[in-house]
Structures are given as structure tokens and as C-alpha cells.
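Please read the structure below before turning to the comments.
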There are 2 protein chains.
Amino acid sequence: MAKRIRFNAFSMNCAGHQSPGLWTHRDDRSAQYTDLEYWSELAQLLERGKFDSIFLADVLGAYDVYGGSPEHAFRQGLQIPVNDPLLVLPAMAQVTKHLGLAVTCSVIYEHPYSFARRMSTLDHLSKGRVGWNVVSSFLDSAARNFGMKQQIDHDRRYDVADEYMEVCYKLWEGSWESDAVVRDRKRKIFTEPHKVHGICHAGEHYNVPGFHLCEPSPQRTPVLFQAGASRRGREFAARHAECIFIGGPSKIHLKRFIDQVRERAAELGRNPSDILFLKAQSIVVAETEAEAKAKYRALREHVSYEGTLTLVSGWTGIDFARYRPEDELNYVQTNAGQGTLEYLTSGDSSKKWTLRNMADWLGVGGGSIVGSPEQVADSLQEWIEETGLDGFNLTYALAHDSFKDIVELVVPELQRRGVYRRDYERATLRENLFNQTAYLPDTHPGAAFRNLA
Amino acid sequence: MAKRIRFNAFSMNCAGHQSPGLWTHRDDRSAQYTDLEYWSELAQLLERGKFDSIFLADVLGAYDVYGGSPEHAFRQGLQIPVNDPLLVLPAMAQVTKHLGLAVTCSVIYEHPYSFARRMSTLDHLSKGRVGWNVVSSFLDSAARNFGMKQQIDHDRRYDVADEYMEVCYKLWEGSWESDAVVRDRKRKIFTEPHKVHGICHAGEHYNVPGFHLCEPSPQRTPVLFQAGASRRGREFAARHAECIFIGGPSKIHLKRFIDQVRERAAELGRNPSDILFLKAQSIVVAETEAEAKAKYRALREHVSYEGTLTLVSGWTGIDFARYRPEDELNYVQTNAGQGTLEYLTSGDSSKKWTLRNMADWLGVGGGSIVGSPEQVADSLQEWIEETGLDGFNLTYALAHDSFKDIVELVVPELQRRGVYRRDYERATLRENLFNQTAYLPDTHPGAAFRNLA
């Protein structure tokens, strides 16, 4: 039987997330990101398409590497202004029953004690549908506004992140026994005091002696998402992540990455199938191939070259304003003396990609698959079969038309092929993703903190 | 013309907020605080009653002073478990159009840069209906879990709070000019870069060089609530607050407090009428006096004596478990060697109040007014006329029956008397409260940071 395909919608609480310039298209609605209706309509649309989840990216600074200033980011509305992603989740939870709701939160800018409460609260309100994309942040512009001179060193951020996870696991998994809260009106006991435990965490970065503030939520630990592609990031993902977001244009590169992370997870005692891999993907689909191609051309006309490079400069730390559109990426990489472009060059140094090629490839949401529903379905299945992928993290070119097209054209085609769910199976996000319990599997490192008593 | 009366609903994201033991009553629903429906129904009920706002209290620790342990707090479900209050606001915003949404957030446990974004996001999503109750926290149990050995010293917390406010004002009021965001599809300009300004804040506790992450929200600065009763707290309130929550059983004490704060605000250059005073108040109302009294007696039977003292011990730092129910508060105050009981003893040392009297007075939501709609209205009007109060911060004994009774019985009576709104006047919370603009008045200290350019 062919492998089931999973869809996650990738968005952000701003105009112009991954498609620089597309907000100027007359059909794009992303400039309405400040309205609740924008989010509730999107959530309802995705649930109609039986998506596993929506996942909101986040930054706490501006993209100011390109040209040494945030000017282009401002002009293009490129991830700035950017509102808090957490706060649209409750509104989306209210108008849906099954859709998973995942959010990006950095371990650098909030203390784990209050953060753990935010996640538990969301998991309660959504009845067990919350995911957390763990990031350790990458923008110097963010670090400076939190009173630091610059980012903490990359690998050390992951050390902090490991301890952050441990504090959270202790609070979520170990602090409250399952039968601590009884709500017994007759005996006048809400919580049995001896079944709640202080976590007594005394570590290098955090001291948390007390108990969690929240009673156990349906999933306890939210479903853990991760997207780090560096060596240290991969190690972190192999240890903690349940869903991993990846990107890039090369199947060979992707397959190697997936195999490496699964292998490392097994070494750490985890079941490799307890990790799902979702590839960032843009889809431009129409009833016929010709229509889809025409649509794609029209979208391409709105892409901002500077906007695209502003994003890539932020991600890599390389100021692309210093290079010409016809310069090759291999040249930039050598010149900049660092390996962070591996993702974009596909780890394939024979491929001759210019800056212009990269901007085109990224601009319409990232490596668009363009075609009829059948063609798109063929292509998606090919990716799955050849790489070991489990599904796609779908970007939009136009909000919400891109997702509407996918829901109305691609999903039915995949359902006909028997590789996409016709309805949600279970209640919580983790159950729907893994068809197991709502809790972390026993082999996950977080499960080790269950019996603090 | 008689002065208009304002109603605010006082609640918290937990069972058993200010009425210890009442969750055991068969009609109480507060144990359902983890459900979205609990909050959306409450918001709709309050909007039907034309309340100005709902305001959610918060703590980030447990009440563990009474008996030296959190045992009683757990048993009574007394503000523990406690979920994050911010996250129910978007859900309430979604089902209402006018109700103000205020939330308690401590300046001690989150950096102002990310906090300012949370408030702006909520103000956007609610279209200008957000209020912020500024607190500097009071529980040692919270401080310890954020890695501190104990609370920062009381007065120093207010110094930190003053600088925190300054950072927020700069971000909210000064960073983005009103016409910075143009969303101009033709010119392909989302934001005019030269109209966004870094705030260049370099202070004793915070360094924030950059600009605010959010575009201006309808109110920019949320409506500022405050509840500190100490000398330093009063000074902070006179400087920053737009709505002040107060309590206590004595009209003389209340009037003195209100006069002092208004006078101090005037000295600071503010308009004294730009501050509203709302008294914490429980109302037990029924069609007739006899029915109301019977209802009150039935509620009283559910009050937990230990629960009440657990709260007061947390507020004051005095372990009331060391005293007997028949001990007088004056004796406790002398014995504990501190003045924090002034609020409860009404500042009237001739009044002989025992612990039992205090527990009774506080237990059913705090100093209940009991009677028919006419009697309740008389009493409310008397408080307003004799003290200079502007309205009431209404607690509940039973969720949501207490508010339902007020909406259905008290509000119509006040409307008949011409002292309560028949419909919302304007769009934003600040406009509805002050009948002026959506922004801070020019004489408010936050307005001084408007022209950072």
C-alpha cells in the first residue's frame, strides 16, 4: 500500500511570509494578518482539507543583513511588521475541532517556567491539538533588543535548548500525577496535594524547584517540531523532534538527511518511525497544466528579487547585496567562507545556480510544483517514494488562494489514490499523526521524567 | 445628573478565584476553566450586560504562606492549577464586538520587548479592546521558579516597573509613525522605512535599541489598569494608571485613597478625571430581599475558612494558621508587626474584626451586597456618591450565575435609573471608558514618547 501523505500549512503572523512581493497581487489577503477573521477562515479551510496542522513561523527581529539595513524588509512587508503567533491559536481552536495548531517559540527569549504554562494552556483550550516548533533563534537584531550584545554562540544556544527541554519535560510529564486532580465536590478536594511534585531542577542555566502551574493537558508535552539543519541542529532534532521540517531542491540531499537523522534517533534509543519528515513545498495547481503554468507566470511577475535575497541574507548571515544577480551560488559560498548555503545549493557543487535562479526558485513560496492535480499528485508521491519523506509543509504564494486550490484540487486527487485521509482518525494532534497515544512514546527522552515522585 | 456606573467583571483562569470553596456548589462552573466554551459564553453574557470589560487576575506561583505549605491551595483549587490568562482573550475577542479585555501581566517575568508585541497583537485582534493590569508580583513561590532566591525587594520592583513602562511607551507610542504603514500595492511599498524608529533605550535594567515589531494597533498603548495599595504602589498608579482597582469595607478609607491618588495625579500634570476607580465587589441579588438573603446563606455554607485565610496569607505574607478564628485582626496586625492589613481592617482600629468575621466577609466573593435589584442599585449608588468611585470590579460567587443575575436583574434597574449605558458608545475600550480618543491623553506620561523621530 502506498504511503500516506501528510499536509501541514506553513504561515506566519505577518504579510509576506515566504513569497516576497506576492502581497502586492490583487488576490492576496496576507496584509489582513491583523484580523481574527483572516485566521479563523484559514483554519476552517485547512480543516475542510483534512490537513494535519497549521504551523506558524516567527522571528523577534528584522531581516537587516541584506544591504546592512532593514529597509528592504520594511518596503516588502517581509516578516515585519510581525505579530505574536501564539495569540491566534486560541481563535483558530475555537472554530475547528481537529486541526493541529503548531507555533514557533524560541528557547532564548522566554523562561521555561512561564512558557510551559502557555503551552499547557493552549493544549487545554484546543483539547490536545498543540505543537511547538523549537527554535533557538538566528537573528542578531532580535538578540540586541533583549539586551544582549549579539546572539549567543550557535552551538551553545543548543546546549541551553537541551536544558530548556529538560525543564519543560519535568513540568509537563512529571510534576502532576494523572489522578492528582479529582474535582471532588463531595469531599471538597480539587487536587490531591501529595500527587503534585516540585521538579527540583537545578541546572547550569535554570533553577526551577517548584511544581508546574497547570494540571495535565490532553497531550502533556505538545507535539515537538524542529527545523535545524546544522550538525548540532540535527543532533538536537534526532533527540527531541517528532516532526522535522526540511527544505531544498535535491532528493539525494533530502534522503541522506532523513536517513542520517533516523539512524541517529535509533542510536539514541528512539523508534525511527516516531519521527515524521515534512518538506517545505509550494504548489501552484489548476484544472489543467496550461492554466497552472499561466497562473505561475502571473505569480512570478510579483516576486521581489530584493525581497528574496533579504530573506536568504537573514537566514545565512551573508549580505547578498554585495553580489550580482548573475553570480553563482558556489562563488558566493566560497567567497563568504561558510557552509550555510548547502541547503540552497543542494549540496551539489556541480549545479550552476545564479542568485537570479535562486530568487526565482524561492520566490513563489519555494520550489513550486506546477501542474494539474494529477501532475502535482504524481510529483508529491515521487518525492515521498524516493526520499523517505512523510509529507509536506505547504507554503502559500497567495493567502488564502494557494491553500484553497490545494484543498479543492490536490486533496481530492490524493484521496482518490488512497494516500490521503478522508477524515480525521482521532482526537489529539499526536494521535492523528502517529496513531498511538496522546502522550510522548515511552522511548522519547521526555518520557524519562514521568516518575518524579 | 447622577454619575454613570461602570461594571468590570473580575475573573481568573482557574477554579475558585475570590470565593474559596464555592466551586463545590452544584451550580458553579469554574472547574471548567480549561474549556474555551466557558470563556466565550462568559464574554457573550457580559457584553449582553454592556459591561465595560472583563479583567483576568493572575499569579505565577502558589499560595503557600498559610501553614507554610500549598496544601490548602491545592485542596481548594485556590488559584492553582492556574492557566495563562492571555490565551483566552483572543477567543473572547472572537465572539464579542465591544467588551473590553484586560489581563494581568507581571513586569518581572517577561522582557518588555516581547511583551509589548503580545499586547499589540491582542489590540489588533480585538480591534482596540485590550487593557493591561500592571503588576510587579508578590509571591516568593513564583520568584523562586524563575531562578531567583526570593522576590526582588518591593519598592525596587516598582523602580523596575517604571523603566519597563518607559520601554513599552517608546515601543507603542514612538516607534512607528501613524502613516508608516501604507500597504500600497501599486508602489509596492508596505511600510515606509524612514517612518519607523529604533527606540534607542539604554537604561538601568533594559537595553532596547531597535524598533517595535508591530505596526500601530488601534489604541497603541493598552488601557492601563493597576491595583497596588502600598505607598509606592499609589505613586506608580497616580503616574501611569487609567483604571485603578481598589477594595475594602470602609467608605471613609476608600474616599481618602481616591482623593490622594487624584491629587497626586494632578501634581504630576495629569487630569484627575483621566483615572477611574473601580471597587472590588460581590453582589448577591434576587427578585426579592428574602430570596437574596436565602441565596446568600446557601452560598455561605460552601465557603472554606482555611481557603479564605490561605488567600489572605498569600496577599499579606502573614501565616494566619498561627491564629485562632476568634483572634482579632488588630491583634494579628500588631503581632505580625506590619501594616499590610490596613486594607482589611478598613484603617479603622476601633473596629473589632475577628479572623472569622474577615473570612465571612471575604468568602462569598468579597463584601457582598445582598438584596433585591432596587436595594443593590441603592447601595451601589451610595458607594459612588460617598466615595468618588466610578464603578465596580465585580467578583463572582458562582460562575457564571453571579454575573447572569447581575446582567438580568441589576443592569436593567440601573438603566431605568439612567446611570448605566444602554448600549456601547464607541469602538475601542479607551473610547468607551473616557469618551475621548482611542489613544492615551496628551497629559499621560506615555504620551511624552510620541515623537521619537
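Quick note on naming: the chains in the C-alpha cells go A, B, ... in the order shown, residues restart at 1 in each chain, and ligands are numbered from 1 in order of appearance.
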If you count only C-alpha atoms, which residues fall within 9 Å of Leu440 in chain A, apart from same-chain ones fewer than 6 positions away, as a PyMOL selection string? chain A and resi 219-223+430+446-447
Quick check: residues of chain A within 7 Å of chain B, only C-alpha atoms, returned as a compact mmCIF listing (two decimals) with N, CA, C and O atoms, in the first residue's frame.
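Output (out_29.txt):
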# COMPACT_ATOMS: atom_id res chain seq x y z
N THR A 24 1.54 42.11 -3.08
CA THR A 24 1.06 43.16 -3.99
C THR A 24 0.07 42.62 -5.02
O THR A 24 -0.56 43.39 -5.75
N THR A 34 -3.73 41.12 10.63
CA THR A 34 -4.09 41.63 11.96
C THR A 34 -5.53 41.29 12.37
O THR A 34 -5.91 41.55 13.51
N ASP A 35 -6.30 40.74 11.43
CA ASP A 35 -7.72 40.45 11.72
C ASP A 35 -7.92 39.00 12.15
O ASP A 35 -7.38 38.08 11.54
N LEU A 36 -8.77 38.81 13.13
CA LEU A 36 -9.10 37.45 13.58
C LEU A 36 -9.72 36.63 12.47
O LEU A 36 -9.48 35.43 12.36
N GLU A 71 15.78 48.10 5.47
CA GLU A 71 14.97 48.90 4.55
C GLU A 71 14.13 48.03 3.61
O GLU A 71 12.93 48.27 3.42
N PHE A 74 11.23 46.26 5.35
CA PHE A 74 10.09 47.16 5.57
C PHE A 74 9.29 47.39 4.29
O PHE A 74 8.06 47.27 4.27
N ARG A 75 10.01 47.73 3.23
CA ARG A 75 9.31 48.04 1.98
C ARG A 75 8.45 46.86 1.50
O ARG A 75 7.34 47.03 1.00
N GLN A 76 9.01 45.65 1.61
CA GLN A 76 8.30 44.48 1.12
C GLN A 76 7.35 43.88 2.16
O GLN A 76 6.72 42.85 1.90
N GLY A 77 7.29 44.49 3.34
CA GLY A 77 6.46 43.90 4.41
C GLY A 77 6.93 42.50 4.73
O GLY A 77 6.15 41.60 5.06
N ILE A 80 8.02 41.66 8.65
CA ILE A 80 7.98 42.84 9.54
C ILE A 80 6.99 43.83 8.92
O ILE A 80 7.10 44.06 7.71
N PRO A 81 6.03 44.36 9.61
CA PRO A 81 5.69 44.06 10.99
C PRO A 81 5.29 42.60 11.20
O PRO A 81 4.76 41.98 10.29
N VAL A 82 5.55 42.12 12.42
CA VAL A 82 5.26 40.71 12.72
C VAL A 82 4.63 40.60 14.10
O VAL A 82 5.21 41.00 15.10
N ASN A 83 3.41 40.08 14.13
CA ASN A 83 2.69 39.93 15.39
C ASN A 83 2.99 38.59 16.05
O ASN A 83 3.53 37.68 15.43
N ASP A 84 2.60 38.49 17.32
CA ASP A 84 2.84 37.28 18.10
C ASP A 84 2.02 36.11 17.54
O ASP A 84 0.81 36.23 17.36
N LEU A 87 -0.97 34.01 19.83
CA LEU A 87 -2.27 34.56 20.18
C LEU A 87 -3.35 34.33 19.13
O LEU A 87 -4.52 34.63 19.36
N VAL A 88 -2.97 33.82 17.96
CA VAL A 88 -4.04 33.49 17.01
C VAL A 88 -4.48 32.03 17.17
O VAL A 88 -5.51 31.63 16.63
N PRO A 90 -5.70 30.35 19.89
CA PRO A 90 -6.99 30.13 20.55
C PRO A 90 -8.17 30.44 19.63
O PRO A 90 -9.19 29.74 19.67
N ALA A 91 -8.03 31.46 18.81
CA ALA A 91 -9.12 31.81 17.89
C ALA A 91 -9.29 30.72 16.83
O ALA A 91 -10.42 30.40 16.43
N GLN A 94 -11.00 27.72 18.37
CA GLN A 94 -12.42 27.90 18.63
C GLN A 94 -13.29 27.52 17.44
O GLN A 94 -14.44 27.12 17.62
N GLU A 110 12.24 33.43 26.41
CA GLU A 110 11.27 33.32 27.50
C GLU A 110 11.70 32.23 28.46
O GLU A 110 12.20 31.18 28.05
N TYR A 113 9.64 28.31 32.71
CA TYR A 113 8.55 28.14 33.68
C TYR A 113 7.25 28.77 33.19
O TYR A 113 6.19 28.14 33.25
N ARG A 117 3.69 26.93 30.92
CA ARG A 117 2.28 27.21 31.22
C ARG A 117 1.53 27.65 29.98
O ARG A 117 0.38 27.27 29.77
N ARG A 118 2.17 28.44 29.13
CA ARG A 118 1.48 28.87 27.91
C ARG A 118 1.10 27.67 27.04
O ARG A 118 0.00 27.58 26.51
N THR A 121 -1.69 25.62 28.60
CA THR A 121 -2.96 26.32 28.45
C THR A 121 -3.53 26.11 27.05
O THR A 121 -4.72 25.80 26.88
N HIS A 124 -4.84 22.63 26.65
CA HIS A 124 -6.16 22.52 27.27
C HIS A 124 -7.24 23.12 26.36
O HIS A 124 -8.24 22.49 26.06
N LEU A 125 -7.02 24.37 25.96
CA LEU A 125 -8.06 25.09 25.21
C LEU A 125 -8.38 24.41 23.89
O LEU A 125 -9.52 24.42 23.43
N ARG A 144 19.83 41.72 20.21
CA ARG A 144 20.17 43.06 20.71
C ARG A 144 19.01 43.69 21.49
O ARG A 144 19.23 44.39 22.47
N ASN A 145 17.78 43.45 21.06
CA ASN A 145 16.65 44.07 21.73
C ASN A 145 16.27 43.39 23.03
O ASN A 145 15.42 43.87 23.77
N PHE A 146 16.89 42.25 23.30
CA PHE A 146 16.71 41.60 24.59
C PHE A 146 17.92 41.90 25.49
O PHE A 146 18.17 41.18 26.44
N GLY A 147 18.67 42.93 25.13
CA GLY A 147 19.75 43.39 25.99
C GLY A 147 21.05 42.63 25.83
O GLY A 147 21.97 42.81 26.62
N ARG A 185 -16.51 17.33 44.48
CA ARG A 185 -17.29 18.33 45.20
C ARG A 185 -17.71 17.82 46.58
O ARG A 185 -17.79 18.58 47.53
N LYS A 188 -14.85 17.81 48.86
CA LYS A 188 -14.28 19.17 48.83
C LYS A 188 -12.78 19.14 48.54
O LYS A 188 -11.99 19.84 49.15
N ILE A 189 -12.40 18.28 47.61
CA ILE A 189 -10.98 18.23 47.20
C ILE A 189 -10.88 18.45 45.70
O ILE A 189 -11.43 17.68 44.91
N PHE A 190 -10.20 19.50 45.33
CA PHE A 190 -9.96 19.76 43.91
C PHE A 190 -8.73 18.98 43.46
O PHE A 190 -8.78 18.22 42.51
N THR A 191 -7.62 19.13 44.16
CA THR A 191 -6.37 18.45 43.81
C THR A 191 -5.82 17.73 45.06
O THR A 191 -5.84 18.30 46.15
N GLU A 192 -5.36 16.51 44.89
CA GLU A 192 -4.70 15.79 45.98
C GLU A 192 -3.28 16.31 46.10
O GLU A 192 -2.44 16.05 45.22
N PRO A 193 -2.98 17.04 47.17
CA PRO A 193 -1.67 17.72 47.26
C PRO A 193 -0.48 16.78 47.11
O PRO A 193 0.53 17.15 46.50
N TYR A 206 19.18 27.06 34.43
CA TYR A 206 17.88 27.27 35.07
C TYR A 206 17.82 26.60 36.44
O TYR A 206 18.36 25.50 36.62
N ASN A 207 17.14 27.29 37.35
CA ASN A 207 16.79 26.70 38.64
C ASN A 207 15.29 26.76 38.81
O ASN A 207 14.72 27.84 38.89
N VAL A 208 14.65 25.60 38.84
CA VAL A 208 13.20 25.56 39.00
C VAL A 208 12.85 24.51 40.05
O VAL A 208 12.72 23.32 39.73
N PRO A 209 12.71 24.93 41.30
CA PRO A 209 12.40 23.94 42.34
C PRO A 209 10.94 23.49 42.35
O PRO A 209 10.66 22.34 42.73
N GLY A 210 10.02 24.34 41.92
CA GLY A 210 8.59 24.12 42.16
C GLY A 210 7.89 23.22 41.17
O GLY A 210 8.48 22.63 40.27
N LEU A 213 2.44 24.89 37.04
CA LEU A 213 1.26 25.64 37.46
C LEU A 213 -0.04 25.04 36.93
O LEU A 213 -1.11 25.35 37.43
N CYS A 214 0.06 24.19 35.90
CA CYS A 214 -1.14 23.69 35.22
C CYS A 214 -1.37 22.22 35.53
O CYS A 214 -0.43 21.44 35.65
N GLU A 215 -2.63 21.85 35.55
CA GLU A 215 -2.95 20.42 35.62
C GLU A 215 -2.62 19.80 34.26
O GLU A 215 -2.50 20.50 33.26
Could you give me the residues within range 53-283 of chain A that DSSP places in helix (DSSP H, G or I), as a PyMOL selection string? chain A and resi 66-68+71-76+86-94+112-125+140-145+154-174+193-195+231-240+251-267+272-274
Of the candidates B:Met165, B:Ala266, B:Ile244, B:Ala294, which one gets nearest to Gly203 in chain B if we count only C-alpha atoms?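 Looking at the shortest contact to Gly203 in chain B, the residue is B:Met165.
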Selected residue, from B:Gly367, B:Asp155, B:Val285, B:Ala241, that lies nearest to Arg270 in chain B when counting only C-alpha atoms: B:Ala241
For Cys105 in chain B, list every protein, DNA or RNA residue within 8 Å, evaluated using only C-alpha atoms, and leave out those in the same chain fewer than 4 positions away; present the list as a list in words. Asp58, Trp132, Asn133, Val134 and Val135 of chain B
Taking 5 positions as the minimum chain separation for residues in the same chain, which residues sit within 12 Å of Arg297 in chain A when counting only C-alpha atoms? Answer as a ChimeraX atom specification. /A:284,290-292,302-303,360,363-364,368,370
Two-atom distance - CA of Asp64 in chain B, CA of Leu254 in chain B (Å): 29.3 Å
Using only C-alpha atoms, pick whichever of A:Ile369, A:Leu99, A:Leu311, A:Met12 has the shortest atom-to-atom distance to Leu45 in chain A. A:Leu99
Going by DSSP on the backbone, which bits of range 256-392 of chain B are strand (DSSP E or B)? Write them as an MDAnalysis selection string, please. chainID B and resid 276:281 283:285 328 354 369:371 391:392
Residues just named, written with N, CA and C atoms as a PDB file, in the first residue's frame:
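Contents of the output file again05.pdb:
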ATOM      1  N   LEU B 276     -10.080  56.281  36.476  1.00  0.00           N
ATOM      2  CA  LEU B 276     -11.324  55.716  37.003  1.00  0.00           C
ATOM      3  C   LEU B 276     -11.003  54.760  38.139  1.00  0.00           C
ATOM      4  N   PHE B 277     -11.839  54.794  39.175  1.00  0.00           N
ATOM      5  CA  PHE B 277     -11.648  53.916  40.327  1.00  0.00           C
ATOM      6  C   PHE B 277     -12.782  52.898  40.392  1.00  0.00           C
ATOM      7  N   LEU B 278     -12.415  51.628  40.424  1.00  0.00           N
ATOM      8  CA  LEU B 278     -13.406  50.551  40.481  1.00  0.00           C
ATOM      9  C   LEU B 278     -13.169  49.722  41.735  1.00  0.00           C
ATOM     10  N   LYS B 279     -14.238  49.519  42.494  1.00  0.00           N
ATOM     11  CA  LYS B 279     -14.125  48.789  43.757  1.00  0.00           C
ATOM     12  C   LYS B 279     -14.458  47.316  43.577  1.00  0.00           C
ATOM     13  N   ALA B 280     -13.634  46.451  44.117  1.00  0.00           N
ATOM     14  CA  ALA B 280     -13.929  45.018  44.129  1.00  0.00           C
ATOM     15  C   ALA B 280     -15.242  44.802  44.868  1.00  0.00           C
ATOM     16  N   GLN B 281     -16.150  44.065  44.279  1.00  0.00           N
ATOM     17  CA  GLN B 281     -17.489  43.963  44.854  1.00  0.00           C
ATOM     18  C   GLN B 281     -18.162  42.657  44.475  1.00  0.00           C
ATOM     19  N   ILE B 283     -21.895  40.785  44.479  1.00  0.00           N
ATOM     20  CA  ILE B 283     -23.329  41.105  44.548  1.00  0.00           C
ATOM     21  C   ILE B 283     -24.120  39.802  44.571  1.00  0.00           C
ATOM     22  N   VAL B 284     -24.995  39.677  45.558  1.00  0.00           N
ATOM     23  CA  VAL B 284     -25.907  38.532  45.587  1.00  0.00           C
ATOM     24  C   VAL B 284     -27.319  39.105  45.479  1.00  0.00           C
ATOM     25  N   VAL B 285     -27.948  38.893  44.336  1.00  0.00           N
ATOM     26  CA  VAL B 285     -29.208  39.565  44.049  1.00  0.00           C
ATOM     27  C   VAL B 285     -30.270  38.556  43.653  1.00  0.00           C
ATOM     28  N   GLU B 328      -8.594  38.734  67.056  1.00  0.00           N
ATOM     29  CA  GLU B 328      -8.947  39.953  66.331  1.00  0.00           C
ATOM     30  C   GLU B 328      -7.842  40.353  65.360  1.00  0.00           C
ATOM     31  N   THR B 354     -12.775  39.808  63.926  1.00  0.00           N
ATOM     32  CA  THR B 354     -12.041  38.562  64.164  1.00  0.00           C
ATOM     33  C   THR B 354     -11.688  37.933  62.818  1.00  0.00           C
ATOM     34  N   ILE B 369     -22.873  42.708  48.592  1.00  0.00           N
ATOM     35  CA  ILE B 369     -24.122  43.444  48.729  1.00  0.00           C
ATOM     36  C   ILE B 369     -25.231  42.437  48.439  1.00  0.00           C
ATOM     37  N   VAL B 370     -26.174  42.302  49.368  1.00  0.00           N
ATOM     38  CA  VAL B 370     -27.217  41.282  49.248  1.00  0.00           C
ATOM     39  C   VAL B 370     -28.576  41.960  49.233  1.00  0.00           C
ATOM     40  N   GLY B 371     -29.408  41.671  48.235  1.00  0.00           N
ATOM     41  CA  GLY B 371     -30.736  42.263  48.253  1.00  0.00           C
ATOM     42  C   GLY B 371     -31.473  42.157  46.935  1.00  0.00           C
ATOM     43  N   GLY B 391     -17.082  53.010  39.568  1.00  0.00           N
ATOM     44  CA  GLY B 391     -17.767  51.778  39.231  1.00  0.00           C
ATOM     45  C   GLY B 391     -17.247  50.616  40.051  1.00  0.00           C
ATOM     46  N   PHE B 392     -17.515  49.404  39.575  1.00  0.00           N
ATOM     47  CA  PHE B 392     -17.239  48.217  40.383  1.00  0.00           C
ATOM     48  C   PHE B 392     -16.541  47.133  39.573  1.00  0.00           C
TER      49      PHE B 392
END
